[in-house]
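Enquirer: So that we are looking at the same thing, I have put the structure below in structure tokens.
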Amino acid sequence: MEVNIKMMNLSKSQYIRGLQCHRSLWLYKNRLELRDKSNIQTDSLFKTGYQVGELAKQLFAGGVEIAFDSDDFGGMIAKTKSLITNGTEVIYEATFSENGIFVMVDILVKNGDKWDIFEVKGTTKIQNKNKLIKKKYLNDIAIQWYVLSCCLKLNRAYIVHIDNTYVRQGELSLESLFKKVDVTDAVLQQQEIIPNQLKSMQTMLISDEPNISIGKHCFDPYECDFMTYCWQHIPKENSVFDISYANGKQWRLLDMGIYSIDDIPDSFHLGANASLQIAYHKSQEVKIDKTKIKMFLDTIKYPINFFDFETFQEVVPRFNNQRPYKHIPFQYSLHILYEDGTFEHKEFLGDENKDPRESLIVNMLNDITSEGSIVAYNQSFEIKQIKNLANFMPSRDKELLDLIERFVDLAYPFQKKYYYHPKFKGKYSIKVVLPTLFPNDPELDYKKLGTVQNGGDAMEIFAKLHLLKDQTKREEIRDELLAYCHLDTLAMVRIWEKLHTMIED
């Protein structure tokens, strides 16, 4: 089907945006000043994608790259055509514009008298639970095929992505790190619907702002960056989206014209957790089950080891016995409370230039007391890391695995609602519980820390720390990592103390 779209001028990313939501595309093209600012996570994903893309080019050595120039897209297109005309067989970031659609192809490879398209993704999974290519990836490469088929003979389309089963041993093996998945058949099927999609977008873009309600599409497949504008009618406090564990029933409430928790009728059926949250929000009462809290505290034995890991991930493994995106513990903090009331603090922070696991294991087994409870907040994470460490170092696996039966989860009394405060809003993470129990306490305020204020910060910063050349700045960051992890275990100590105070009142 021929569709005249020459006046539309869409990039590939704008086309993907339009598939997700016409209103988002209209705003992007007409009211860009309303766009939310990019967040740190988006920037981090961009950097990861760039690193993966650069490595993937080495799978097709000898290619020529089209340098990105935001002021001269025409020059990029002309350079691509020139390389093709002159017989270049591998082109990185090949750039095309046909029928008003602008695309850049990660890797374009000559195959006989035809061309293969390779789209590189930093993800480990490109299929859904039904083994079909996820729409967001299929749409991405399908529009490239649509544009290139106007000017080139095409052979096959591939998605190149990370294989998370790869375990590095010695030199990095790019052939093992990446998987190449032939998606040509799915891409060809998609060609039948692209013309109508583009025609619909063209009609929409020359009209007034579409009247599209908010919905699940605001987050799927990507979180929209116009949410501040589109969601301005939703209350900033105590909206129906503040309900935890509601299993999507917030959308039914919106359809009923109910935006605030305060307006939810008693007859509206929610699950037990959500119903409890709403009941305590409306009553503003605090629930304290002293008997069950005491039973929980009685399970904790001296000396008490308040323990917390920090981990980092790397898409490209740097060390032996490391997999892509595998959590690698690099740091821990340990507050030890003895029965006589004395406290001791121990900590470990790995060398960012080396695999930290062996040193961490040796120090951890030496620092944790030989008996007594090991208290963590959401213990499943710490236990999983210990199991991974046992697999990494079989010579110490028994000592490591013996730690697991000593763990006690400090989140348990909050998860089970033995203590519940309306400010929890149905959640029980330490970042919610701590400021509620200790409002305005500077000793326990994560916001007073430096650049490391949460686990995501720690993960991101340590993974990149080995790249930092400034030794003074490196030491400053290491001090900030230590301060953050120290606060995590100090927070557990204070919560444990607070629980004791509750049952004594």
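Going through the structure tokens in order, the chains are called A, B, and so on, while each chain numbers its residues from 1 and the ligands are numbered from 1 in the order shown.
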Which residues, written as a PyMOL selection string, have at least one atom at most 10 Å from A:Lys431, with only C-alpha atoms counted and residues fewer than 4 positions away on the same chain left out?
Expert: chain A and resi 424+427+435-436+445-446+454+488+491
Enquirer: Save out the residues we just selected, C-alpha atoms, as an mmCIF file, in the first residue's frame.
Expert:
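File produced: selection_36.cif:
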```cif
data_model
loop_
_atom_site.group_PDB
_atom_site.id
_atom_site.type_symbol
_atom_site.label_atom_id
_atom_site.label_comp_id
_atom_site.auth_asym_id
_atom_site.auth_seq_id
_atom_site.Cartn_x
_atom_site.Cartn_y
_atom_site.Cartn_z
ATOM 1 C CA PHE A 424 3.638 3.597 54.808
ATOM 2 C CA LYS A 427 4.709 -0.397 51.526
ATOM 3 C CA PRO A 435 11.551 8.324 57.949
ATOM 4 C CA THR A 436 8.128 7.403 59.330
ATOM 5 C CA ASP A 445 18.500 11.121 56.779
ATOM 6 C CA TYR A 446 19.743 9.632 53.502
ATOM 7 C CA ASN A 454 20.391 4.783 47.578
ATOM 8 C CA ASP A 488 21.848 1.168 55.981
ATOM 9 C CA ALA A 491 19.091 2.277 60.286
#
```
Enquirer: Mind running stretch 161-267 of chain A against stretch 94-99 of chain A at 12 Å and telling me each contacting residue's nearest atom pair with the distance in Å (one decimal), counting only C-alpha atoms, chain and number ascending, as a tab-separated table?
Expert:
```
residue	atom	partner	partner_atom	distance
A:Pro195	CA	A:Asn99	CA	10.7
A:Leu198	CA	A:Asn99	CA	10.3
A:Lys199	CA	A:Asn99	CA	11.5
A:Gln202	CA	A:Asn99	CA	11.9
```
Enquirer: Go ahead and write the selection's residues with N, CA and C atoms as an mmCIF file, in the first residue's frame.
Expert:
```
data_model
loop_
_atom_site.group_PDB
_atom_site.id
_atom_site.type_symbol
_atom_site.label_atom_id
_atom_site.label_comp_id
_atom_site.auth_asym_id
_atom_site.auth_seq_id
_atom_site.Cartn_x
_atom_site.Cartn_y
_atom_site.Cartn_z
ATOM 1 N N PRO A 195 2.204 1.108 6.772
ATOM 2 C CA PRO A 195 1.623 2.238 6.023
ATOM 3 C C PRO A 195 0.402 2.855 6.695
ATOM 4 N N LEU A 198 1.425 4.894 9.753
ATOM 5 C CA LEU A 198 1.998 6.190 9.385
ATOM 6 C C LEU A 198 0.923 7.158 8.903
ATOM 7 N N LYS A 199 -0.034 6.634 8.149
ATOM 8 C CA LYS A 199 -1.124 7.492 7.673
ATOM 9 C C LYS A 199 -1.925 8.034 8.850
ATOM 10 N N GLN A 202 0.050 10.785 10.494
ATOM 11 C CA GLN A 202 0.036 12.000 9.692
ATOM 12 C C GLN A 202 -1.261 12.773 9.905
#
```
Enquirer: List the spatial neighbours of A:Pro303 as a list of chain:residue names - criterion: any atom at most 10 Å away, only C-alpha atoms, same-chain residues fewer than 3 positions off excluded.
Expert: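 Neighbouring residues, sequence-local ones excluded: A:Ile300, A:Phe306, A:Ile336, A:Leu337, A:Tyr338, A:Glu339, A:Asp340, A:Gly341, A:Thr342, A:Phe343, A:Ile368, A:Thr369, A:Ser370, A:Glu371, A:Gly372, A:Ser373, A:Ile374.
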Enquirer: Write down as an MDAnalysis selection string the residues belonging to stretch 8-199 of chain A that are assigned alpha helix (DSSP H) by DSSP computed on the backbone.
Expert: chainID A and resid 12:20 22:30 40:57 73:85 135:148 174:177 184:190 194:199
Enquirer: What does the structure give for the distance between atom CA of A:Thr472 and atom CA of A:Glu352, in Å to one decimal?
Expert: 14.4 Å
Enquirer: Atom CA of A:Phe348 to atom CA of A:Gln331: how many Å, to one decimal?
Expert: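 Atom CA of A:Gln331 lies 5.3 Å from atom CA of A:Phe348.
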Enquirer: Quote the spacing between atom CA of A:Phe462 and atom CA of A:Arg478 in Å to one decimal place.
Expert: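 Separating atom CA of A:Phe462 from atom CA of A:Arg478 is a distance of 8.4 Å.
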Enquirer: Find the spatial neighbours of stretch 179-187 of chain A, counting only C-alpha atoms, within a cut-off of 6 Å - ignore same-chain residues fewer than 6 positions away - and output them as a count of residues only.
Expert: 8
Enquirer: I'd like a table as JSON lines: residues in stretch 310-360 of chain A with an atom no more than 12 Å from stretch 120-123 of chain A, each row giving the shortest atom pair and its distance in Å to one decimal, only C-alpha atoms counted, sorted by chain and rising residue number.
Expert:
```
{"residue": "A:Glu314", "atom": "CA", "partner": "A:Gly122", "partner_atom": "CA", "distance": 11.0}
{"residue": "A:Val315", "atom": "CA", "partner": "A:Gly122", "partner_atom": "CA", "distance": 7.5}
{"residue": "A:Val316", "atom": "CA", "partner": "A:Gly122", "partner_atom": "CA", "distance": 9.8}
{"residue": "A:Pro324", "atom": "CA", "partner": "A:Thr123", "partner_atom": "CA", "distance": 9.8}
{"residue": "A:Tyr325", "atom": "CA", "partner": "A:Thr123", "partner_atom": "CA", "distance": 9.4}
```
Enquirer: Nearest residue to A:Phe438 out of A:Arg494, A:Lys236, A:Lys416, A:Arg357, using only C-alpha atoms?
Expert: A:Arg494
Enquirer: Give me, as a list in words, all polymer residues having an atom no more than 7 Å from A:Lys425, counting only C-alpha atoms and skipping those fewer than 5 positions away in the same chain.
Expert: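 Close residues of A:Lys425: Asp242, Ile243, Ser244 and Gln277 of chain A.
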Enquirer: How about saving the chosen residues, C-alpha atoms kept, as an mmCIF file, in the first residue's frame?
Expert:
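Everything below was put into part-v8.cif:
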```cif
data_model
loop_
_atom_site.group_PDB
_atom_site.id
_atom_site.type_symbol
_atom_site.label_atom_id
_atom_site.label_comp_id
_atom_site.auth_asym_id
_atom_site.auth_seq_id
_atom_site.Cartn_x
_atom_site.Cartn_y
_atom_site.Cartn_z
ATOM 1 C CA ASP A 242 -0.768 5.574 45.888
ATOM 2 C CA ILE A 243 -2.573 2.309 46.628
ATOM 3 C CA SER A 244 -0.132 -0.587 46.827
ATOM 4 C CA GLN A 277 -4.016 0.697 53.552
#
```
Enquirer: Name all residues at most 10 Å from stretch 364-367 of chain A (count only C-alpha atoms; drop same-chain ones fewer than 2 positions away) and give them as a list in words.
Expert: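 That gives Asn305, Phe307, Gln331, Tyr332, Ser333, Leu334, Ile336, His345, Lys346, Glu347, Phe348, Glu358, Ser359, Leu360, Ile361, Val362, Thr369, Ser370, Arg396, Glu399, Leu400 and Leu403 of chain A.
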Enquirer: Okay, now the selection with C-alpha atoms, as a PDB file, in the first residue's frame?
Expert:
```
ATOM      1  CA  ASN A 305      24.885  -8.939  63.254  1.00  0.00           C
ATOM      2  CA  PHE A 307      24.262  -6.780  57.856  1.00  0.00           C
ATOM      3  CA  GLN A 331      30.729  -3.833  49.850  1.00  0.00           C
ATOM      4  CA  TYR A 332      29.140  -4.592  53.168  1.00  0.00           C
ATOM      5  CA  SER A 333      28.440  -2.859  56.438  1.00  0.00           C
ATOM      6  CA  LEU A 334      28.135  -4.737  59.724  1.00  0.00           C
ATOM      7  CA  ILE A 336      27.356  -5.979  65.837  1.00  0.00           C
ATOM      8  CA  HIS A 345      31.046  -1.625  63.461  1.00  0.00           C
ATOM      9  CA  LYS A 346      32.953  -3.346  60.672  1.00  0.00           C
ATOM     10  CA  GLU A 347      32.907  -2.710  56.953  1.00  0.00           C
ATOM     11  CA  PHE A 348      34.422  -3.703  53.655  1.00  0.00           C
ATOM     12  CA  GLU A 358      37.307 -13.174  47.135  1.00  0.00           C
ATOM     13  CA  SER A 359      38.470 -10.408  49.477  1.00  0.00           C
ATOM     14  CA  LEU A 360      34.877  -9.712  50.489  1.00  0.00           C
ATOM     15  CA  ILE A 361      34.282 -13.376  51.356  1.00  0.00           C
ATOM     16  CA  VAL A 362      37.427 -13.631  53.467  1.00  0.00           C
ATOM     17  CA  THR A 369      30.369 -13.515  64.646  1.00  0.00           C
ATOM     18  CA  SER A 370      30.445 -17.322  64.774  1.00  0.00           C
ATOM     19  CA  ARG A 396      34.486 -21.666  51.453  1.00  0.00           C
ATOM     20  CA  GLU A 399      31.022 -21.602  55.792  1.00  0.00           C
ATOM     21  CA  LEU A 400      29.023 -19.303  53.550  1.00  0.00           C
ATOM     22  CA  LEU A 403      25.263 -18.330  57.459  1.00  0.00           C
TER      23      LEU A 403
END
```
Enquirer: Quick one: pick out all strand (DSSP E) residues within stretch 382-427 of chain A from a backbone DSSP run and write them as a PDB file with N, CA and C atoms, in the first residue's frame.
Expert:
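Wrote it out as states-v8.pdb, contents follow:
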```pdb
ATOM      1  N   PHE A 407      19.888 -16.107  59.379  1.00  0.00           N
ATOM      2  CA  PHE A 407      19.307 -14.831  58.972  1.00  0.00           C
ATOM      3  C   PHE A 407      17.922 -14.620  59.571  1.00  0.00           C
ATOM      4  N   VAL A 408      17.659 -13.378  59.931  1.00  0.00           N
ATOM      5  CA  VAL A 408      16.338 -12.920  60.364  1.00  0.00           C
ATOM      6  C   VAL A 408      16.024 -11.657  59.563  1.00  0.00           C
ATOM      7  N   ASP A 409      14.794 -11.579  59.064  1.00  0.00           N
ATOM      8  CA  ASP A 409      14.413 -10.462  58.203  1.00  0.00           C
ATOM      9  C   ASP A 409      13.723  -9.374  59.024  1.00  0.00           C
ATOM     10  N   TYR A 419       3.234  -3.888  62.699  1.00  0.00           N
ATOM     11  CA  TYR A 419       3.236  -2.439  62.895  1.00  0.00           C
ATOM     12  C   TYR A 419       2.892  -1.818  61.549  1.00  0.00           C
ATOM     13  N   TYR A 420       1.877  -0.944  61.588  1.00  0.00           N
ATOM     14  CA  TYR A 420       1.491  -0.284  60.343  1.00  0.00           C
ATOM     15  C   TYR A 420       1.153   1.174  60.619  1.00  0.00           C
TER      16      TYR A 420
END
```
